[in-house]
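Novice: Sharing model.txt here; it has compact mmCIF, C-alpha atoms.
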```
# COMPACT_ATOMS: atom_id res chain seq x y z
CA MET O 38 -10.55 39.74 6.02
CA ARG O 39 -10.18 36.53 4.05
CA GLY O 40 -10.32 34.43 7.20
CA ARG O 41 -13.93 35.47 7.89
CA LYS O 42 -15.15 34.44 4.46
CA GLY O 43 -13.60 30.97 4.22
CA PRO O 44 -13.80 28.15 6.75
CA ASN O 45 -11.00 28.16 9.33
CA CYS O 46 -8.59 25.28 9.94
CA GLN O 47 -10.82 23.55 12.53
CA GLN O 48 -13.95 23.82 10.43
CA ARG O 49 -12.42 22.66 7.14
CA GLN O 50 -13.53 19.09 6.59
CA ILE O 51 -12.21 16.17 4.57
CA HIS O 52 -14.78 13.35 4.26
CA GLY O 53 -16.67 14.64 7.29
CA GLU O 54 -13.67 14.98 9.60
CA THR O 55 -11.87 18.17 10.62
CA MET O 56 -8.13 18.74 10.36
CA ILE O 57 -7.97 18.41 14.16
CA ASP O 58 -9.47 14.90 13.88
CA HIS O 59 -6.85 13.94 11.30
CA LEU O 60 -4.02 15.34 13.43
CA LEU O 61 -5.37 13.41 16.43
CA ARG O 62 -5.48 10.21 14.37
CA PHE O 63 -1.93 10.88 13.13
CA PHE O 64 -0.44 11.32 16.61
CA ILE O 65 -2.35 8.47 18.27
CA GLY O 66 -1.58 6.17 15.31
CA GLY O 67 2.09 7.17 15.23
CA ILE O 68 2.51 6.54 18.95
CA ALA O 69 0.63 3.20 18.87
CA VAL O 70 2.47 1.83 15.83
CA SER O 71 5.96 2.91 16.93
CA SER O 72 5.34 1.64 20.51
CA PHE O 73 4.42 -1.86 19.32
CA ALA O 74 7.41 -1.81 16.94
CA ALA O 75 9.77 -0.74 19.76
CA LEU O 76 8.38 -3.51 22.00
CA GLY O 77 9.09 -5.99 19.19
CA ASP O 78 12.70 -4.71 19.01
CA THR O 79 13.31 -5.67 22.64
CA LEU O 80 12.09 -9.27 22.36
CA ARG O 81 13.96 -12.40 21.38
CA PRO O 82 13.72 -14.84 19.60
CA LYS O 83 13.04 -12.96 16.37
CA SER O 84 10.07 -15.14 15.44
CA PHE O 85 8.36 -14.11 18.71
CA ALA O 86 9.20 -10.43 18.15
CA GLY O 87 7.59 -10.80 14.73
CA LEU O 88 4.19 -11.34 16.42
CA PHE O 89 4.26 -7.58 17.10
CA GLY O 90 4.53 -6.93 13.36
CA ALA O 91 0.88 -8.02 13.26
CA ALA O 92 -0.20 -6.07 16.34
CA PRO O 93 -3.59 -4.29 16.18
CA SER O 94 -1.87 -0.91 16.48
CA ILE O 95 -3.82 0.98 13.80
CA ALA O 96 -7.10 -0.55 15.00
CA LEU O 97 -6.47 0.41 18.64
CA ALA O 98 -5.57 3.93 17.56
CA THR O 99 -8.58 4.44 15.36
CA LEU O 100 -11.57 2.46 16.72
CA LEU O 101 -12.46 4.80 19.61
CA ILE O 102 -12.28 7.83 17.29
CA THR O 103 -14.50 5.93 14.82
CA LEU O 104 -16.92 5.12 17.65
CA SER O 105 -17.28 8.77 18.62
CA GLN O 106 -17.76 9.96 15.03
CA LYS O 107 -19.57 7.18 13.19
CA GLY O 108 -21.02 4.99 15.93
CA ALA O 109 -20.54 1.43 17.15
CA PRO O 110 -22.23 -0.40 14.19
CA PHE O 111 -19.75 1.23 11.75
CA ALA O 112 -16.79 0.15 13.92
CA ALA O 113 -18.22 -3.38 14.31
CA VAL O 114 -18.38 -3.79 10.50
CA GLU O 115 -14.77 -2.59 10.34
CA GLY O 116 -13.91 -5.36 12.82
CA ARG O 117 -15.54 -7.96 10.54
CA SER O 118 -13.54 -6.72 7.54
CA MET O 119 -10.42 -6.71 9.65
CA ILE O 120 -10.64 -10.52 9.90
CA VAL O 121 -10.26 -10.67 6.10
CA GLY O 122 -7.46 -8.09 6.25
CA ALA O 123 -5.67 -10.23 8.85
CA PHE O 124 -5.68 -13.28 6.55
CA ALA O 125 -4.34 -11.05 3.77
CA LEU O 126 -1.59 -10.00 6.19
CA ALA O 127 -0.77 -13.67 6.87
CA ALA O 128 -0.48 -14.33 3.10
CA TYR O 129 1.62 -11.17 2.73
CA SER O 130 4.02 -12.11 5.55
CA TRP O 131 4.40 -15.67 4.25
CA THR O 132 5.23 -14.27 0.77
CA VAL O 133 7.82 -11.93 2.29
CA CYS O 134 9.41 -14.91 4.04
CA VAL O 135 9.58 -16.91 0.77
CA LEU O 136 11.02 -13.97 -1.19
CA LEU O 137 13.69 -13.44 1.45
CA LYS O 138 14.69 -17.07 1.96
CA LYS O 139 14.25 -18.63 -1.47
CA PHE O 140 14.86 -15.67 -3.77
CA MET O 141 17.32 -13.82 -1.51
CA MET O 142 15.70 -10.45 -2.24
CA SER O 143 16.55 -7.47 -0.05
CA SER O 144 14.02 -6.79 2.74
CA LEU O 145 12.83 -3.57 1.16
CA THR O 146 12.22 -5.15 -2.26
CA ALA O 147 10.53 -8.23 -0.77
CA THR O 148 8.22 -6.29 1.57
CA LEU O 149 7.18 -3.83 -1.15
CA ALA O 150 6.71 -6.49 -3.86
CA ALA O 151 4.57 -8.62 -1.55
CA LEU O 152 2.07 -5.76 -1.08
CA VAL O 153 0.50 -7.03 -4.33
CA VAL O 154 -0.39 -10.23 -2.43
CA TRP O 155 -2.02 -8.25 0.41
CA PHE O 156 -4.21 -6.29 -2.01
CA ALA O 157 -5.09 -9.39 -4.09
CA VAL O 158 -6.08 -11.53 -1.08
CA ALA O 159 -7.90 -8.74 0.79
CA PHE O 160 -10.00 -7.60 -2.16
CA ALA O 161 -10.63 -11.11 -3.52
CA PHE O 162 -12.04 -12.23 -0.14
CA ARG O 163 -13.95 -8.97 0.19
CA ALA O 164 -15.58 -9.60 -3.21
CA ILE O 165 -16.45 -13.20 -2.29
CA LEU O 166 -17.66 -12.65 1.28
CA PHE O 167 -19.23 -9.18 1.43
CA MET J 76 12.31 -21.73 23.52
CA ILE J 77 12.49 -19.00 26.17
CA VAL J 78 11.28 -15.48 25.37
CA ARG J 79 13.76 -12.82 26.49
CA PHE J 80 13.30 -9.06 27.00
CA ASN J 81 16.35 -6.92 26.22
CA ALA J 82 15.79 -3.18 26.74
CA SER J 83 19.30 -2.34 25.52
CA ALA J 84 18.20 -3.37 22.00
CA LEU J 85 16.33 -0.04 21.85
CA ARG J 86 19.70 1.77 21.72
CA GLN J 87 20.51 0.05 18.41
CA THR J 88 17.68 1.97 16.74
CA ARG J 89 18.58 5.53 15.75
CA TRP J 90 16.28 8.52 16.40
CA TYR J 91 15.38 8.95 12.74
CA GLU J 92 14.40 5.27 12.52
CA TYR J 93 11.87 5.84 15.34
CA LEU J 94 10.70 8.96 13.51
CA ILE J 95 10.17 7.00 10.26
CA ARG J 96 8.00 4.45 12.10
CA PHE J 97 6.05 7.21 13.86
CA VAL J 98 5.35 9.07 10.61
CA LEU J 99 4.46 5.90 8.65
CA GLY J 100 2.19 4.67 11.46
CA GLY J 101 0.49 8.04 11.83
CA ALA J 102 0.07 8.45 8.08
CA MET J 103 -1.41 4.96 7.69
CA THR J 104 -3.89 5.61 10.53
CA VAL J 105 -5.06 8.80 8.80
CA ILE J 106 -5.25 7.03 5.41
CA ALA J 107 -7.25 4.14 6.94
CA GLY J 108 -9.70 6.70 8.38
CA LEU J 109 -10.02 8.49 5.03
CA ILE J 110 -10.60 5.20 3.18
CA ALA J 111 -13.31 4.21 5.69
CA ALA J 112 -14.99 7.62 5.31
CA ARG J 113 -14.84 7.51 1.49
CA PHE J 114 -15.55 3.81 0.76
CA GLY J 115 -17.37 2.69 3.93
CA PRO J 116 -16.51 0.33 6.81
CA VAL J 117 -16.18 -2.85 4.71
CA VAL J 118 -13.22 -1.52 2.72
CA GLY J 119 -11.99 0.65 5.61
CA GLY J 120 -11.78 -2.35 7.94
CA LEU J 121 -9.44 -4.17 5.56
CA PHE J 122 -6.88 -1.39 6.03
CA LEU J 123 -6.86 -1.84 9.81
CA ALA J 124 -4.74 -4.92 9.01
CA PHE J 125 -2.54 -3.27 6.36
CA PRO J 126 1.21 -3.94 6.80
CA ALA J 127 1.92 -0.24 7.28
CA ILE J 128 5.35 -0.31 8.84
CA PHE J 129 6.38 -3.87 7.95
CA PRO J 130 8.70 -2.74 5.09
CA ALA J 131 10.44 -0.25 7.41
CA SER J 132 10.74 -2.76 10.28
CA ALA J 133 12.06 -5.62 8.11
CA THR J 134 14.60 -3.30 6.47
CA LEU J 135 15.81 -2.14 9.90
CA ILE J 136 16.18 -5.73 11.14
CA GLU J 137 18.25 -6.67 8.09
CA LYS J 138 20.37 -3.53 8.43
CA HIS J 139 21.05 -4.01 12.15
CA VAL J 140 22.11 -7.65 11.71
CA ARG J 141 24.33 -6.69 8.75
CA GLU J 142 25.97 -3.91 10.82
CA ARG J 143 26.59 -6.29 13.75
CA LYS J 144 28.22 -8.83 11.43
CA ALA J 145 30.26 -6.11 9.69
CA LYS J 146 31.72 -5.10 13.08
CA ALA J 147 32.90 -8.72 13.45
CA GLY J 148 34.43 -8.56 9.96
CA LEU J 149 31.75 -10.68 8.30
CA SER J 150 29.45 -9.83 5.40
CA GLY J 151 26.16 -10.61 7.19
CA ALA J 152 24.03 -10.18 4.05
CA ARG J 153 22.55 -13.68 4.32
CA ARG J 154 22.05 -13.50 8.10
CA GLY J 155 20.30 -10.17 7.75
CA LYS J 156 17.78 -11.62 5.30
CA GLU J 157 17.28 -14.69 7.53
CA ALA J 158 16.55 -12.46 10.54
CA ALA J 159 13.99 -10.47 8.52
CA ALA J 160 12.45 -13.77 7.28
CA LEU J 161 12.09 -14.99 10.89
CA ASP J 162 10.33 -11.74 11.75
CA ALA J 163 7.96 -12.37 8.82
CA VAL J 164 7.20 -15.88 10.17
CA GLY J 165 6.24 -14.24 13.46
CA ALA J 166 3.96 -11.83 11.59
CA VAL J 167 2.21 -14.80 9.88
CA LEU J 168 1.46 -16.26 13.33
CA GLY J 169 0.50 -12.85 14.74
CA SER J 170 -2.01 -12.44 11.91
CA PHE J 171 -4.15 -15.21 13.40
CA GLY J 172 -4.25 -13.16 16.61
CA LEU J 173 -5.23 -10.11 14.57
CA ALA J 174 -8.12 -12.08 13.04
CA ALA J 175 -9.25 -12.95 16.60
CA PHE J 176 -9.05 -9.23 17.48
CA GLY J 177 -11.34 -8.40 14.54
CA LEU J 178 -13.77 -11.18 15.50
CA VAL J 179 -14.15 -9.89 19.09
CA ILE J 180 -14.64 -6.30 17.84
CA TRP J 181 -17.29 -7.49 15.37
CA LEU J 182 -19.21 -9.48 18.00
CA LEU J 183 -18.89 -7.23 21.08
CA PHE J 184 -18.19 -3.63 20.04
CA GLU J 185 -21.86 -2.62 19.84
CA ARG J 186 -22.54 -3.92 23.37
CA SER J 187 -19.58 -2.29 25.14
CA ALA J 188 -16.76 -0.64 23.19
CA PRO J 189 -14.17 -0.39 26.03
CA LEU J 190 -14.78 -4.00 27.10
CA ALA J 191 -14.58 -5.15 23.46
CA LEU J 192 -11.22 -3.38 22.99
CA VAL J 193 -9.77 -4.95 26.16
CA LEU J 194 -11.02 -8.44 25.29
CA ALA J 195 -9.95 -8.09 21.64
CA THR J 196 -6.41 -7.10 22.66
CA ALA J 197 -6.27 -10.03 25.10
CA ALA J 198 -7.55 -12.36 22.33
CA TRP J 199 -4.89 -11.05 19.90
CA LEU J 200 -2.09 -11.69 22.39
CA ALA J 201 -3.41 -15.10 23.49
CA ILE J 202 -3.97 -16.46 19.96
CA ALA J 203 -0.68 -15.00 18.65
CA VAL J 204 1.35 -16.56 21.50
CA LEU J 205 -0.56 -19.86 21.20
CA ALA J 206 0.12 -19.96 17.42
CA TRP J 207 3.81 -19.21 18.08
CA ARG J 208 4.06 -22.05 20.60
CA ALA J 209 2.06 -24.43 18.36
CA ARG J 210 4.25 -23.83 15.28
CA ARG J 211 6.69 -26.53 16.42
CA TRP J 212 3.99 -29.19 16.27
CA LEU J 213 3.02 -28.28 12.71
```
Show me, as structure tokens, the structure contained in the file I just sent.
Specialist:
Amino acid sequence: MRGRKGPNCQQRQIHGETMIDHLLRFFIGGIAVSSFAALGDTLRPKSFAGLFGAAPSIALATLLITLSQKGAPFAAVEGRSMIVGAFALAAYSWTVCVLLKKFMMSSLTATLAALVVWFAVAFAFRAILF
Amino acid sequence: MIVRFNASALRQTRWYEYLIRFVLGGAMTVIAGLIAARFGPVVGGLFLAFPAIFPASATLIEKHVRERKAKAGLSGARRGKEAAALDAVGAVLGSFGLAAFGLVIWLLFERSAPLALVLATAAWLAIAVLAWRARRWL
């Protein structure tokens, strides 16, 4: 009767959320992100399609769940930080563009190498502003 | 420049490429939630703008252009990189829209969450498209 002693799957929590919450986040996030990406695939010119590479897909997927679990003030602070994250994303995307055009790196190498820029800009601004 | 919608482009993407995007997107959403729960909303909010599937998307763009050129008997390596670079330019402009999204959430979410989400999405699209149109004057 091990199941009676330990917490079951629904009750087991990671940082205050159950496995069901995480699965819900996973499916909503997966659908939101891949839908925006698919929409970007259908649009031309490529520079316009690229706008959807910076779509608020993760935010749309996660903010209502955050609201129900942690409340509106928590989600509002996330929105404020997201502004900083967005400027880090701009710096990241610009770096990717430079690495591809000037250094002729492959897309995979350029996009992975530029992640350093995202982390540097995001956490530098976070340290300065908040 | 006219924006065109071409649904047949979806057929170029293979099923496993959609699956990769779905899994990466889902995983990043879960990770963003875990980071927010562990480190608080200030750090968690940063990851709402993390380029989760950008590496996968840029790699697919380069690959598709290279394959199209290969069918025509050309190498396509350079064109593939140029197409991915153009996509990255779009993401730079879209990031300004994403900042507007965050601003609206910050200012309005506590008053009305559904209204804030609708207005924030509209602000993202409006600022992103405006930035895209304005890039020619810069």
Novice: Once you count all atoms listed in the file, which residues of chain J turn out to be within 7 Å of chain O? Could you give them as an mmCIF file with C-alpha atoms, keeping the file's coordinate frame?
Specialist:
```cif
data_model
loop_
_atom_site.group_PDB
_atom_site.id
_atom_site.type_symbol
_atom_site.label_atom_id
_atom_site.label_comp_id
_atom_site.auth_asym_id
_atom_site.auth_seq_id
_atom_site.Cartn_x
_atom_site.Cartn_y
_atom_site.Cartn_z
ATOM 1 C CA VAL J 78 11.280 -15.480 25.370
ATOM 2 C CA ARG J 79 13.760 -12.820 26.490
ATOM 3 C CA PHE J 80 13.300 -9.060 27.000
ATOM 4 C CA ASN J 81 16.350 -6.920 26.220
ATOM 5 C CA ALA J 82 15.790 -3.180 26.740
ATOM 6 C CA ALA J 84 18.200 -3.370 22.000
ATOM 7 C CA LEU J 85 16.330 -0.040 21.850
ATOM 8 C CA TYR J 93 11.870 5.840 15.340
ATOM 9 C CA ARG J 96 8.000 4.450 12.100
ATOM 10 C CA PHE J 97 6.050 7.210 13.860
ATOM 11 C CA VAL J 98 5.350 9.070 10.610
ATOM 12 C CA GLY J 100 2.190 4.670 11.460
ATOM 13 C CA GLY J 101 0.490 8.040 11.830
ATOM 14 C CA ALA J 102 0.070 8.450 8.080
ATOM 15 C CA THR J 104 -3.890 5.610 10.530
ATOM 16 C CA VAL J 105 -5.060 8.800 8.800
ATOM 17 C CA LEU J 109 -10.020 8.490 5.030
ATOM 18 C CA ALA J 112 -14.990 7.620 5.310
ATOM 19 C CA ARG J 113 -14.840 7.510 1.490
ATOM 20 C CA PRO J 116 -16.510 0.330 6.810
ATOM 21 C CA VAL J 117 -16.180 -2.850 4.710
ATOM 22 C CA GLY J 119 -11.990 0.650 5.610
ATOM 23 C CA GLY J 120 -11.780 -2.350 7.940
ATOM 24 C CA LEU J 121 -9.440 -4.170 5.560
ATOM 25 C CA PHE J 122 -6.880 -1.390 6.030
ATOM 26 C CA LEU J 123 -6.860 -1.840 9.810
ATOM 27 C CA ALA J 124 -4.740 -4.920 9.010
ATOM 28 C CA PHE J 125 -2.540 -3.270 6.360
ATOM 29 C CA PRO J 126 1.210 -3.940 6.800
ATOM 30 C CA PHE J 129 6.380 -3.870 7.950
ATOM 31 C CA PRO J 130 8.700 -2.740 5.090
ATOM 32 C CA ALA J 133 12.060 -5.620 8.110
ATOM 33 C CA THR J 134 14.600 -3.300 6.470
ATOM 34 C CA GLU J 137 18.250 -6.670 8.090
ATOM 35 C CA LYS J 156 17.780 -11.620 5.300
ATOM 36 C CA GLU J 157 17.280 -14.690 7.530
ATOM 37 C CA ALA J 158 16.550 -12.460 10.540
ATOM 38 C CA ALA J 159 13.990 -10.470 8.520
ATOM 39 C CA ALA J 160 12.450 -13.770 7.280
ATOM 40 C CA LEU J 161 12.090 -14.990 10.890
ATOM 41 C CA ASP J 162 10.330 -11.740 11.750
ATOM 42 C CA ALA J 163 7.960 -12.370 8.820
ATOM 43 C CA VAL J 164 7.200 -15.880 10.170
ATOM 44 C CA GLY J 165 6.240 -14.240 13.460
ATOM 45 C CA ALA J 166 3.960 -11.830 11.590
ATOM 46 C CA VAL J 167 2.210 -14.800 9.880
ATOM 47 C CA LEU J 168 1.460 -16.260 13.330
ATOM 48 C CA GLY J 169 0.500 -12.850 14.740
ATOM 49 C CA SER J 170 -2.010 -12.440 11.910
ATOM 50 C CA PHE J 171 -4.150 -15.210 13.400
ATOM 51 C CA LEU J 173 -5.230 -10.110 14.570
ATOM 52 C CA ALA J 174 -8.120 -12.080 13.040
ATOM 53 C CA GLY J 177 -11.340 -8.400 14.540
ATOM 54 C CA LEU J 178 -13.770 -11.180 15.500
ATOM 55 C CA ILE J 180 -14.640 -6.300 17.840
ATOM 56 C CA TRP J 181 -17.290 -7.490 15.370
ATOM 57 C CA PHE J 184 -18.190 -3.630 20.040
ATOM 58 C CA GLU J 185 -21.860 -2.620 19.840
ATOM 59 C CA ALA J 203 -0.680 -15.000 18.650
ATOM 60 C CA TRP J 207 3.810 -19.210 18.080
#
```
Novice: Report, in Å to a single decimal, how far apart atom CA of Gly172 of chain J and atom CA of Ile202 of chain J are.
Specialist: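 So the two atoms, atom CA of Ile202 of chain J and atom CA of Gly172 of chain J, lie 4.7 Å apart.
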Novice: For the atom pair atom CA of His139 of chain J and atom CA of Tyr91 of chain J, what is the interatomic distance in Å to one decimal place?
Specialist: 14.2 Å
Novice: Could you check how far atom CA of Gly155 of chain J sits from atom CA of Lys138 of chain J, in Å to one decimal?
Specialist: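 Straight-line distance from atom CA of Gly155 of chain J to atom CA of Lys138 of chain J works out to 6.7 Å.
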Novice: Got a sec to check which residues sit within 7 Å of (-7.9, -12.4, 20.5), counting all atoms listed in the file, and write them as an NGL selection string?
Specialist: :J and (172-173 or 175-176 or 179 or 194-202)
Novice: Output, as AutoDock Vina command-line options, the centre and edge lengths in Å (one decimal) of the axis-aligned box that contains all listed atoms of segment 118-124 of chain J with 3 Å of margin on each side.
Specialist:
```
--center_x -9.0 --center_y -2.1 --center_z 6.3 --size_x 14.5 --size_y 11.6 --size_z 13.1
```
